[in-house]
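**Q** What follows is coords00.pdb, made up of PDB, C-alpha atoms and all ligand atoms:
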MODEL        1
ATOM      1  CA  MET A   1      16.875   5.564   2.456
ATOM      2  CA  SER A   2      13.718   4.776   4.405
ATOM      3  CA  ASP A   3      12.838   2.360   7.171
ATOM      4  CA  VAL A   4       9.202   2.047   8.135
ATOM      5  CA  VAL A   5       8.228   0.966  11.637
ATOM      6  CA  PHE A   6       4.685   0.298  12.816
ATOM      7  CA  LYS A   7       4.748   0.241  16.606
ATOM      8  CA  ASN A   8       1.785  -1.234  18.501
ATOM      9  CA  ILE A   9      -0.775   0.191  16.100
ATOM     10  CA  TYR A  10      -4.430  -0.011  17.036
ATOM     11  CA  LYS A  11      -7.171   1.413  14.843
ATOM     12  CA  ILE A  12     -10.779   1.248  15.956
ATOM     13  CA  PHE A  13     -13.557   2.773  13.860
ATOM     14  CA  GLY A  14     -16.388   4.208  15.959
ATOM     15  CA  ASP A  15     -16.972   6.639  18.816
ATOM     16  CA  LYS A  16     -15.772   4.616  21.763
ATOM     17  CA  GLU A  17     -12.256   3.930  20.559
ATOM     18  CA  LEU A  18     -10.605   3.852  23.961
ATOM     19  CA  LYS A  19     -13.210   1.596  25.489
ATOM     20  CA  ALA A  20     -12.754  -0.750  22.530
ATOM     21  CA  MET A  21      -9.006  -0.844  23.073
ATOM     22  CA  GLU A  22      -9.458  -1.804  26.674
ATOM     23  CA  LEU A  23     -11.792  -4.653  25.697
ATOM     24  CA  LEU A  24      -9.406  -5.769  22.937
ATOM     25  CA  ARG A  25      -6.515  -5.872  25.379
ATOM     26  CA  LYS A  26      -8.635  -8.028  27.677
ATOM     27  CA  GLY A  27      -8.992 -10.488  24.838
ATOM     28  CA  LYS A  28     -12.410  -9.660  23.371
ATOM     29  CA  THR A  29     -12.488 -10.649  19.695
ATOM     30  CA  LYS A  30     -13.140  -8.412  16.698
ATOM     31  CA  LYS A  31     -16.344 -10.367  16.021
ATOM     32  CA  LYS A  32     -17.665  -9.968  19.600
ATOM     33  CA  LEU A  33     -16.803  -6.247  19.686
ATOM     34  CA  LEU A  34     -18.838  -5.725  16.548
ATOM     35  CA  GLU A  35     -21.782  -7.831  17.761
ATOM     36  CA  ASP A  36     -21.967  -6.536  21.351
ATOM     37  CA  ASP A  37     -20.534  -3.021  21.107
ATOM     38  CA  LYS A  38     -20.914  -2.039  17.405
ATOM     39  CA  LEU A  39     -17.205  -1.254  17.268
ATOM     40  CA  VAL A  40     -15.123  -2.094  14.192
ATOM     41  CA  VAL A  41     -11.550  -3.193  14.761
ATOM     42  CA  GLY A  42      -9.376  -2.137  11.832
ATOM     43  CA  ILE A  43      -5.955  -2.922  13.317
ATOM     44  CA  ASN A  44      -5.275  -4.822  16.515
ATOM     45  CA  ASN A  45      -1.822  -4.175  17.953
ATOM     46  CA  ILE A  46       0.401  -4.538  14.905
ATOM     47  CA  SER A  47       4.136  -4.035  15.166
ATOM     48  CA  LEU A  48       6.202  -4.432  12.051
ATOM     49  CA  LYS A  49       9.542  -3.250  10.742
ATOM     50  CA  ILE A  50      10.050  -2.812   7.019
ATOM     51  CA  LYS A  51      13.648  -2.361   6.005
ATOM     52  CA  ASN A  52      15.151   0.212   3.728
ATOM     53  CA  ASN A  53      14.844  -0.836   0.046
ATOM     54  CA  GLU A  54      12.828  -3.888   0.946
ATOM     55  CA  PHE A  55       9.972  -5.117  -1.264
ATOM     56  CA  PHE A  56       7.430  -5.958   1.409
ATOM     57  CA  VAL A  57       4.104  -7.644   0.602
ATOM     58  CA  ILE A  58       1.009  -7.580   2.816
ATOM     59  CA  MET A  59      -1.572 -10.356   2.389
ATOM     60  CA  GLY A  60      -4.811 -11.292   4.113
ATOM     61  CA  LEU A  61      -8.474 -11.901   3.395
ATOM     62  CA  SER A  62     -10.820  -9.043   2.573
ATOM     63  CA  GLY A  63     -11.399  -6.952   5.703
ATOM     64  CA  SER A  64      -8.207  -8.136   7.418
ATOM     65  CA  GLY A  65      -6.885  -4.558   7.669
ATOM     66  CA  LYS A  66      -4.370  -4.301   4.834
ATOM     67  CA  SER A  67      -5.561  -0.961   3.446
ATOM     68  CA  THR A  68      -6.163   0.437   6.914
ATOM     69  CA  LEU A  69      -2.594  -0.365   7.922
ATOM     70  CA  ILE A  70      -0.928   1.206   4.922
ATOM     71  CA  ARG A  71      -3.133   4.311   4.978
ATOM     72  CA  HIS A  72      -1.465   5.166   8.273
ATOM     73  CA  LEU A  73       1.743   5.652   6.365
ATOM     74  CA  ASN A  74       0.869   8.940   4.760
ATOM     75  CA  GLY A  75      -1.417  10.210   7.493
ATOM     76  CA  LEU A  76      -4.641   9.385   5.645
ATOM     77  CA  ILE A  77      -5.629   7.631   8.888
ATOM     78  CA  LYS A  78      -4.595   8.423  12.459
ATOM     79  CA  PRO A  79      -4.168   5.403  14.722
ATOM     80  CA  THR A  80      -6.227   5.005  17.892
ATOM     81  CA  ALA A  81      -2.910   4.190  19.552
ATOM     82  CA  GLY A  82       0.641   3.511  18.443
ATOM     83  CA  LYS A  83       3.304   5.074  16.295
ATOM     84  CA  VAL A  84       4.287   4.988  12.654
ATOM     85  CA  LEU A  85       7.934   5.863  12.221
ATOM     86  CA  VAL A  86       9.508   6.730   8.902
ATOM     87  CA  ASP A  87      13.240   7.209   9.366
ATOM     88  CA  LYS A  88      12.568   7.627  13.091
ATOM     89  CA  GLN A  89      10.075  10.460  12.499
ATOM     90  CA  ASP A  90       6.593   9.789  13.909
ATOM     91  CA  VAL A  91       4.179  10.354  11.030
ATOM     92  CA  THR A  92       1.160  10.371  13.345
ATOM     93  CA  CYS A  93       2.338  13.684  14.834
ATOM     94  CA  LEU A  94       2.572  15.541  11.517
ATOM     95  CA  LYS A  95       0.047  18.296  10.822
ATOM     96  CA  GLY A  96      -0.739  20.932   8.218
ATOM     97  CA  GLN A  97       2.128  21.899   5.932
ATOM     98  CA  GLU A  98       4.474  19.318   7.454
ATOM     99  CA  LEU A  99       2.052  16.532   6.626
ATOM    100  CA  LEU A 100       1.502  17.901   3.135
ATOM    101  CA  ASN A 101       5.252  18.014   2.499
ATOM    102  CA  PHE A 102       5.668  14.518   3.844
ATOM    103  CA  ARG A 103       2.962  13.213   1.484
ATOM    104  CA  ARG A 104       4.391  14.979  -1.505
ATOM    105  CA  HIS A 105       8.025  14.084  -0.958
ATOM    106  CA  LYS A 106       8.270  10.894   1.082
ATOM    107  CA  VAL A 107       5.497   8.452   0.169
ATOM    108  CA  SER A 108       3.734   7.858  -3.142
ATOM    109  CA  MET A 109       0.748   5.595  -3.684
ATOM    110  CA  VAL A 110      -0.708   3.422  -6.435
ATOM    111  CA  PHE A 111      -4.281   2.175  -6.043
ATOM    112  CA  GLN A 112      -6.387  -0.599  -7.531
ATOM    113  CA  LYS A 113      -8.693   1.894  -9.229
ATOM    114  CA  PHE A 114      -5.907   3.770 -10.974
ATOM    115  CA  GLY A 115      -7.172   7.173  -9.765
ATOM    116  CA  LEU A 116      -6.212   9.008 -12.945
ATOM    117  CA  LEU A 117      -7.619  12.404 -13.834
ATOM    118  CA  PRO A 118      -9.978  11.616 -16.743
ATOM    119  CA  HIS A 119      -9.734  15.016 -18.438
ATOM    120  CA  LYS A 120      -5.967  15.097 -18.426
ATOM    121  CA  ASN A 121      -3.809  13.167 -20.867
ATOM    122  CA  VAL A 122      -1.020  10.759 -19.898
ATOM    123  CA  LEU A 123       1.680  13.402 -19.766
ATOM    124  CA  GLU A 124      -0.524  15.799 -17.785
ATOM    125  CA  ASN A 125      -1.491  13.061 -15.315
ATOM    126  CA  VAL A 126       2.135  12.333 -14.533
ATOM    127  CA  TYR A 127       3.147  16.005 -14.679
ATOM    128  CA  TYR A 128       0.413  17.161 -12.300
ATOM    129  CA  GLY A 129       1.702  15.334  -9.209
ATOM    130  CA  LEU A 130       5.092  16.992  -9.711
ATOM    131  CA  LYS A 131       3.819  20.465 -10.475
ATOM    132  CA  ILE A 132       1.824  20.758  -7.226
ATOM    133  CA  ARG A 133       5.120  20.394  -5.381
ATOM    134  CA  GLY A 134       6.260  23.651  -6.873
ATOM    135  CA  GLU A 135       8.980  22.294  -9.177
ATOM    136  CA  SER A 136       9.807  24.174 -12.377
ATOM    137  CA  LYS A 137       7.901  23.329 -15.540
ATOM    138  CA  GLU A 138      11.078  22.075 -17.272
ATOM    139  CA  GLU A 139      11.968  19.818 -14.364
ATOM    140  CA  CYS A 140       8.443  18.379 -14.195
ATOM    141  CA  LEU A 141       8.332  17.704 -17.926
ATOM    142  CA  LYS A 142      11.739  16.074 -17.880
ATOM    143  CA  LYS A 143      10.798  13.732 -15.041
ATOM    144  CA  ALA A 144       7.324  12.986 -16.415
ATOM    145  CA  ASN A 145       8.717  12.042 -19.826
ATOM    146  CA  LYS A 146      11.461   9.934 -18.282
ATOM    147  CA  TRP A 147       9.057   7.833 -16.202
ATOM    148  CA  ILE A 148       6.495   7.509 -18.995
ATOM    149  CA  GLU A 149       9.300   5.964 -21.017
ATOM    150  CA  VAL A 150      10.429   3.688 -18.168
ATOM    151  CA  VAL A 151       6.947   2.157 -17.823
ATOM    152  CA  GLY A 152       6.762   1.631 -21.590
ATOM    153  CA  LEU A 153       4.249   4.309 -22.572
ATOM    154  CA  SER A 154       6.307   6.432 -24.948
ATOM    155  CA  GLY A 155       4.078   7.532 -27.815
ATOM    156  CA  TYR A 156       0.962   7.699 -25.622
ATOM    157  CA  GLU A 157       1.725  11.023 -23.929
ATOM    158  CA  LYS A 158      -1.268  12.740 -25.551
ATOM    159  CA  SER A 159      -3.757   9.901 -24.972
ATOM    160  CA  TYR A 160      -6.547  10.214 -22.408
ATOM    161  CA  PRO A 161      -7.163   7.500 -19.776
ATOM    162  CA  ALA A 162     -10.385   6.329 -21.463
ATOM    163  CA  GLU A 163      -8.395   5.602 -24.628
ATOM    164  CA  LEU A 164      -6.048   3.205 -22.821
ATOM    165  CA  SER A 165      -6.408  -0.428 -21.735
ATOM    166  CA  GLY A 166      -6.507  -1.231 -17.999
ATOM    167  CA  GLY A 167      -2.865  -2.308 -18.024
ATOM    168  CA  MET A 168      -1.816   0.899 -19.734
ATOM    169  CA  GLN A 169      -3.834   2.990 -17.298
ATOM    170  CA  GLN A 170      -2.076   1.326 -14.415
ATOM    171  CA  ARG A 171       1.262   2.034 -16.084
ATOM    172  CA  VAL A 172       0.273   5.701 -15.964
ATOM    173  CA  GLY A 173      -0.560   5.286 -12.253
ATOM    174  CA  LEU A 174       2.844   3.709 -11.753
ATOM    175  CA  ALA A 175       4.665   6.405 -13.752
ATOM    176  CA  ARG A 176       2.879   9.094 -11.749
ATOM    177  CA  ALA A 177       3.925   7.505  -8.455
ATOM    178  CA  LEU A 178       7.499   6.838  -9.583
ATOM    179  CA  ALA A 179       7.998  10.298 -11.071
ATOM    180  CA  THR A 180       7.755  11.850  -7.616
ATOM    181  CA  GLU A 181      10.917   9.872  -6.771
ATOM    182  CA  THR A 182       9.857   9.341  -3.169
ATOM    183  CA  ASP A 183      11.775   6.904  -0.969
ATOM    184  CA  ILE A 184       8.646   4.877  -0.268
ATOM    185  CA  LEU A 185       6.133   3.481  -2.733
ATOM    186  CA  VAL A 186       2.872   2.020  -1.439
ATOM    187  CA  MET A 187       0.776  -0.123  -3.794
ATOM    188  CA  ASP A 188      -2.701  -1.243  -2.688
ATOM    189  CA  GLU A 189      -3.777  -4.175  -4.892
ATOM    190  CA  PRO A 190      -2.505  -2.317  -7.947
ATOM    191  CA  PHE A 191      -3.035  -5.183 -10.388
ATOM    192  CA  SER A 192      -6.260  -6.720  -9.057
ATOM    193  CA  ALA A 193      -8.445  -5.131 -11.705
ATOM    194  CA  LEU A 194      -6.308  -6.409 -14.587
ATOM    195  CA  ASP A 195      -6.841  -9.609 -16.544
ATOM    196  CA  PRO A 196      -4.323 -12.402 -15.864
ATOM    197  CA  LEU A 197      -1.993 -11.885 -18.835
ATOM    198  CA  ILE A 198      -1.747  -8.118 -18.334
ATOM    199  CA  ARG A 199      -1.345  -8.719 -14.647
ATOM    200  CA  ALA A 200       1.633 -11.027 -15.221
ATOM    201  CA  GLU A 201       3.115  -8.417 -17.549
ATOM    202  CA  MET A 202       2.728  -5.698 -14.898
ATOM    203  CA  GLN A 203       4.374  -7.967 -12.345
ATOM    204  CA  ASN A 204       7.338  -8.288 -14.704
ATOM    205  CA  VAL A 205       7.471  -4.520 -15.166
ATOM    206  CA  THR A 206       7.491  -4.215 -11.360
ATOM    207  CA  LEU A 207      10.241  -6.827 -10.991
ATOM    208  CA  ASP A 208      12.308  -5.016 -13.562
ATOM    209  CA  LEU A 209      11.764  -1.712 -11.747
ATOM    210  CA  LYS A 210      12.652  -3.345  -8.449
ATOM    211  CA  GLU A 211      16.170  -3.833  -9.774
ATOM    212  CA  LYS A 212      16.412  -0.315 -11.214
ATOM    213  CA  MET A 213      15.000   1.805  -8.418
ATOM    214  CA  LYS A 214      16.284   1.839  -4.905
ATOM    215  CA  LYS A 215      13.075   2.183  -2.956
ATOM    216  CA  THR A 216      11.127   0.755  -0.071
ATOM    217  CA  VAL A 217       7.994  -0.791  -1.584
ATOM    218  CA  ILE A 218       4.930  -1.890   0.374
ATOM    219  CA  PHE A 219       2.634  -3.923  -1.836
ATOM    220  CA  VAL A 220      -0.806  -5.281  -0.925
ATOM    221  CA  THR A 221      -2.203  -8.303  -2.736
ATOM    222  CA  HIS A 222      -4.669 -11.196  -2.383
ATOM    223  CA  ASP A 223      -2.669 -13.353  -4.756
ATOM    224  CA  LEU A 224      -0.085 -15.702  -3.307
ATOM    225  CA  ASP A 225       1.699 -16.254  -6.625
ATOM    226  CA  GLU A 226       2.066 -12.495  -7.030
ATOM    227  CA  ALA A 227       3.397 -12.208  -3.472
ATOM    228  CA  ILE A 228       5.943 -14.976  -3.984
ATOM    229  CA  LYS A 229       7.091 -13.523  -7.271
ATOM    230  CA  LEU A 230       7.656 -10.026  -5.891
ATOM    231  CA  ALA A 231       8.295 -10.154  -2.150
ATOM    232  CA  ASP A 232      11.547 -10.009  -0.265
ATOM    233  CA  ARG A 233       9.442 -10.581   2.831
ATOM    234  CA  MET A 234       5.722 -10.721   3.455
ATOM    235  CA  ALA A 235       3.207 -10.345   6.270
ATOM    236  CA  ILE A 236      -0.100 -12.157   6.720
ATOM    237  CA  LEU A 237      -2.943 -10.291   8.453
ATOM    238  CA  LYS A 238      -6.176 -11.676   9.894
ATOM    239  CA  ASP A 239      -8.950  -9.677  11.591
ATOM    240  CA  GLY A 240      -6.565  -6.750  12.041
ATOM    241  CA  GLU A 241      -3.837  -8.849  13.620
ATOM    242  CA  LEU A 242      -0.426  -9.774  12.305
ATOM    243  CA  ILE A 243      -0.258 -13.558  12.063
ATOM    244  CA  GLN A 244       3.106 -14.174  10.416
ATOM    245  CA  VAL A 245       6.053 -12.349   8.854
ATOM    246  CA  GLY A 246       8.814 -13.932   6.809
ATOM    247  CA  THR A 247      10.297 -14.558   3.401
ATOM    248  CA  PRO A 248       7.947 -16.315   0.975
ATOM    249  CA  SER A 249       9.868 -19.575   1.362
ATOM    250  CA  GLU A 250       9.772 -19.349   5.174
ATOM    251  CA  ILE A 251       6.020 -18.836   5.110
ATOM    252  CA  ILE A 252       5.352 -21.591   2.599
ATOM    253  CA  SER A 253       7.561 -24.116   4.350
ATOM    254  CA  ASN A 254       6.486 -23.194   7.854
ATOM    255  CA  PRO A 255       2.984 -21.651   7.995
ATOM    256  CA  ALA A 256       2.209 -20.332  11.489
ATOM    257  CA  ASP A 257      -1.368 -21.644  11.705
ATOM    258  CA  GLU A 258      -4.344 -23.043   9.794
ATOM    259  CA  TYR A 259      -5.239 -19.620   8.374
ATOM    260  CA  VAL A 260      -1.817 -19.199   6.785
ATOM    261  CA  LYS A 261      -1.940 -22.819   5.630
ATOM    262  CA  SER A 262      -5.257 -22.157   3.900
ATOM    263  CA  PHE A 263      -3.618 -19.287   2.022
ATOM    264  CA  VAL A 264      -0.522 -21.170   1.117
ATOM    265  CA  GLY A 265      -2.379 -24.351   0.216
ATOM    266  CA  LYS A 266      -5.071 -22.623  -1.816
ATOM    267  CA  ASP A 267      -3.025 -21.713  -4.860
ATOM    268  CA  LYS A 268      -1.156 -24.987  -5.129
TER     269      LYS A 268
HETATM  270  N1  LIG B 301     -13.624   4.231   7.165
HETATM  271  C1  LIG B 301     -14.010   3.128   7.809
HETATM  272  N2  LIG B 301     -15.043   3.154   8.686
HETATM  273  C2  LIG B 301     -15.428   2.058   9.344
HETATM  274  N3  LIG B 301     -14.836   0.863   9.217
HETATM  275  C3  LIG B 301     -13.815   0.750   8.356
HETATM  276  C4  LIG B 301     -13.346   1.873   7.603
HETATM  277  N4  LIG B 301     -12.292   1.470   6.830
HETATM  278  C5  LIG B 301     -12.120   0.159   7.096
HETATM  279  N5  LIG B 301     -13.025  -0.282   8.008
HETATM  280  C6  LIG B 301     -13.116  -1.652   8.565
HETATM  281  O1  LIG B 301     -11.820  -2.048   8.976
HETATM  282  C7  LIG B 301     -11.582  -3.424   8.641
HETATM  283  C8  LIG B 301     -10.383  -3.523   7.736
HETATM  284  O2  LIG B 301     -10.700  -2.968   6.459
HETATM  285  P1  LIG B 301      -9.642  -2.805   5.289
HETATM  286  O3  LIG B 301     -10.271  -1.992   4.231
HETATM  287  O4  LIG B 301      -8.369  -2.316   5.866
HETATM  288  O5  LIG B 301      -9.454  -4.303   4.814
HETATM  289  P2  LIG B 301      -8.599  -4.873   3.608
HETATM  290  O6  LIG B 301      -7.757  -5.969   4.159
HETATM  291  O7  LIG B 301      -7.913  -3.786   2.891
HETATM  292  O8  LIG B 301      -9.742  -5.528   2.689
HETATM  293  P3  LIG B 301      -9.833  -5.645   1.064
HETATM  294  O9  LIG B 301      -8.943  -6.792   0.702
HETATM  295  O10 LIG B 301     -11.273  -5.954   0.835
HETATM  296  O11 LIG B 301      -9.395  -4.345   0.476
HETATM  297  C9  LIG B 301     -12.875  -3.942   8.045
HETATM  298  O12 LIG B 301     -13.594  -4.597   9.068
HETATM  299  C10 LIG B 301     -13.579  -2.690   7.566
HETATM  300  O13 LIG B 301     -14.962  -2.854   7.632
HETATM  301 MG    MG B 302      -8.059  -2.989   0.936
ENDMDL
END
For this file, write the structure as structure tokens.
Ligand SMILES: Nc1ncnc2c1ncn2[C@@H]1O[C@H](COP(=O)(O)OP(=O)(O)OP(=O)(O)O)[C@@H](O)[C@H]1O
Ligand SMILES: [Mg+2]

**A**
Amino acid sequence: MSDVVFKNIYKIFGDKELKAMELLRKGKTKKKLLEDDKLVVGINNISLKIKNNEFFVIMGLSGSGKSTLIRHLNGLIKPTAGKVLVDKQDVTCLKGQELLNFRRHKVSMVFQKFGLLPHKNVLENVYYGLKIRGESKEECLKKANKWIEVVGLSGYEKSYPAELSGGMQQRVGLARALATETDILVMDEPFSALDPLIRAEMQNVTLDLKEKMKKTVIFVTHDLDEAIKLADRMAILKDGELIQVGTPSEIISNPADEYVKSFVGKDK
């Protein structure tokens, strides 16, 4: 059970964060702030509610703030202003052990560059994320083996990442994230590095898992077809701002502006 609420999030990179916020609120653009003041706007006043068990996709051009937004979710980034609520708890206030526990038990992440440990085999890679939480060896092994099987990697437990194809490596990344059985799964362009056929296969694995696991999933992609295939709802970001939120069919049939139209039109 996990709702995620982003409430008036601003993220400015640079020393003069508060000055930048003031200028942003007065209507200065991201481009002008960079040119005149050397301030980088990551997120500009985003509010968004992601529902429990929803599969929520975030789209936008490179640099639009997708990764910055989702990194707020496990405290990897602190906002310049605003709140991130997970089940009504403000994540931005968590520190030390509390933050560590939150990361280990509430949110798991899958990245584009798989992030596997090269000197550990498949089983060890999945096992490791569980063991650092202090669970018993038996429990960790049981869960690791279960999720390796779910993602279709049975038989490869002893293989090392370098011995696996890209698609298989990302299955390990997925198994590792799923094995922690957190309520929230965040995936930042998880399939972008895969070739089209493997990518389609991974999308099907994800769709299949979507039915099996009851989880809130936040999934970042550049690919409209991928978004449409997977999303319950999706958000479009531009220059750190939220441009539109809706179901794929709402967005396709009623794009909010030319930017969204260019996205929606592009893949047709
Ligand atoms: N650590 C950082 N320091 C300074 N600026 C940053 C940092 N991280 C992100 N930015 C800036 O914030 C903006 C948003 O970047 P972000 O990485 O969130 O974009 P993105 O939508 O994930 O792009 P991509 O699709 O290329 O991954 C960009 O202008 C980027 O330059
Ligand atoms: Mg990114």

**Q** Expand the PyMOL selection byres (((not hetatm)) within 8 of (chain B and resi 302)) into the individual residues it matches in the shown file, reporting them as a count of residues only.

**A** 9

**Q** To check your reading of the model: which residues sit at most 10 Å from ligand LIG 301 (chain B) when counting all atoms listed in the file? Write the answer as a PyMOL selection string.

**A** chain A and resi 11-14+30-31+34+39-43+58-71+77+112+188-189+220-222+237-240

**Q** When the PyMOL selection byres (((chain A and resi 169-186) around 7) and not hetatm) is applied to the structure above, which residues does it catch, written out as number ranges by chain?

**A** A: 1-2, 105-110, 114, 116, 122, 125-126, 129-130, 143-144, 147-148, 151, 161, 164-168, 187-188, 215-219

**Q** Which residue, A:Ala235, A:Met202, A:Arg25, A:Glu124, has the smallest gap to Glu250 (chain A) when you use all atoms listed in the file?

**A**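 When distances to Glu250 (chain A) are compared using all atoms listed in the file, the smallest one comes from A:Ala235.
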
**Q** Got a sec: who's within 12 Å of Asn254 (chain A), counting only C-alpha atoms, leaving out chain neighbours fewer than 6 positions off, as a tab-separated table (two decimals) with C-alpha atoms, in the frame of the given file?

**A**
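The result, written out as out-v1.tsv:
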chain	number	residue	atom	x	y	z
A	244	GLN	CA	3.11	-14.17	10.42
A	245	VAL	CA	6.05	-12.35	8.85
A	246	GLY	CA	8.81	-13.93	6.81
A	247	THR	CA	10.30	-14.56	3.40
A	248	PRO	CA	7.95	-16.32	0.98
A	260	VAL	CA	-1.82	-19.20	6.78
A	261	LYS	CA	-1.94	-22.82	5.63
A	264	VAL	CA	-0.52	-21.17	1.12
A	265	GLY	CA	-2.38	-24.35	0.22

**Q** For Lys19 (chain A), which of A:Ser154, A:Asn52, A:Ser47, A:Thr80 is the closest residue, counting only C-alpha atoms?

**A**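 Among the listed residues, A:Thr80 lies closest to Lys19 (chain A).
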
**Q** Could you check the closest approach to Val150 (chain A) for each of A:Gln89, A:Ser192, A:Thr206, A:Asn44 and tell me which residue wins, using all atoms listed in the file?

**A**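 Among the listed residues, the smallest separation from Val150 (chain A) belongs to A:Thr206.
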
**Q** Quick one, how far is CA of Asp15 (chain A) from CA of Glu241 (chain A)?

**A**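 About the pair CA of Asp15 (chain A) and CA of Glu241 (chain A): they are 21.0 Å apart.
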
**Q** How far is it from CA of Gln97 (chain A) to CA of Asn45 (chain A), in Å with one decimal?

**A**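 Computed distance, CA of Gln97 (chain A) to CA of Asn45 (chain A), equals 29.0 Å.
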
**Q** Once the PyMOL selection byres (((chain A and resi 75) around 12) and not hetatm) has been applied to the shown file, what residues remain in the selection, as a ChimeraX atom specification?

**A** /A:68-74,76-79,83-86,90-96,98-104,106-107

**Q** Figure out the distance between CA of Ile228 (chain A) and CA of Ser249 (chain A), please, to one decimal in Å.

**A**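 Distance reported for this atom pair: 8.1 Å.
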
**Q** Considering only C-alpha atoms, can you say which of A:Lys16, A:Ala81, A:Phe55, A:Gly27 comes closest to Met234 (chain A)?

**A**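 When distances to Met234 (chain A) are compared using only C-alpha atoms, the smallest one comes from A:Phe55.
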
**Q** Around all the atoms of region 7-10 of chain A listed in the file, with 8 Å of room on each side, what axis-aligned box do you get, giving centre and edge lengths in Å to one decimal, as AutoDock Vina command-line options?

**A**
--center_x 0.2 --center_y -0.5 --center_z 17.3 --size_x 25.2 --size_y 17.5 --size_z 18.4

**Q** Tell me which of A:Glu149, A:Lys51, A:Leu33, A:Lys28 sits closest to Val4 (chain A), counting all atoms listed in the file.

**A**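 Ranked by minimum distance to Val4 (chain A), first place goes to A:Lys51.
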
**Q** With all atoms listed in the file as the basis for distance, which of A:His119, A:Asp223, A:Asp257, A:Arg233 is at the shortest distance from Leu48 (chain A)?

**A**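 Distance minimum relative to Leu48 (chain A) lands on A:Arg233.
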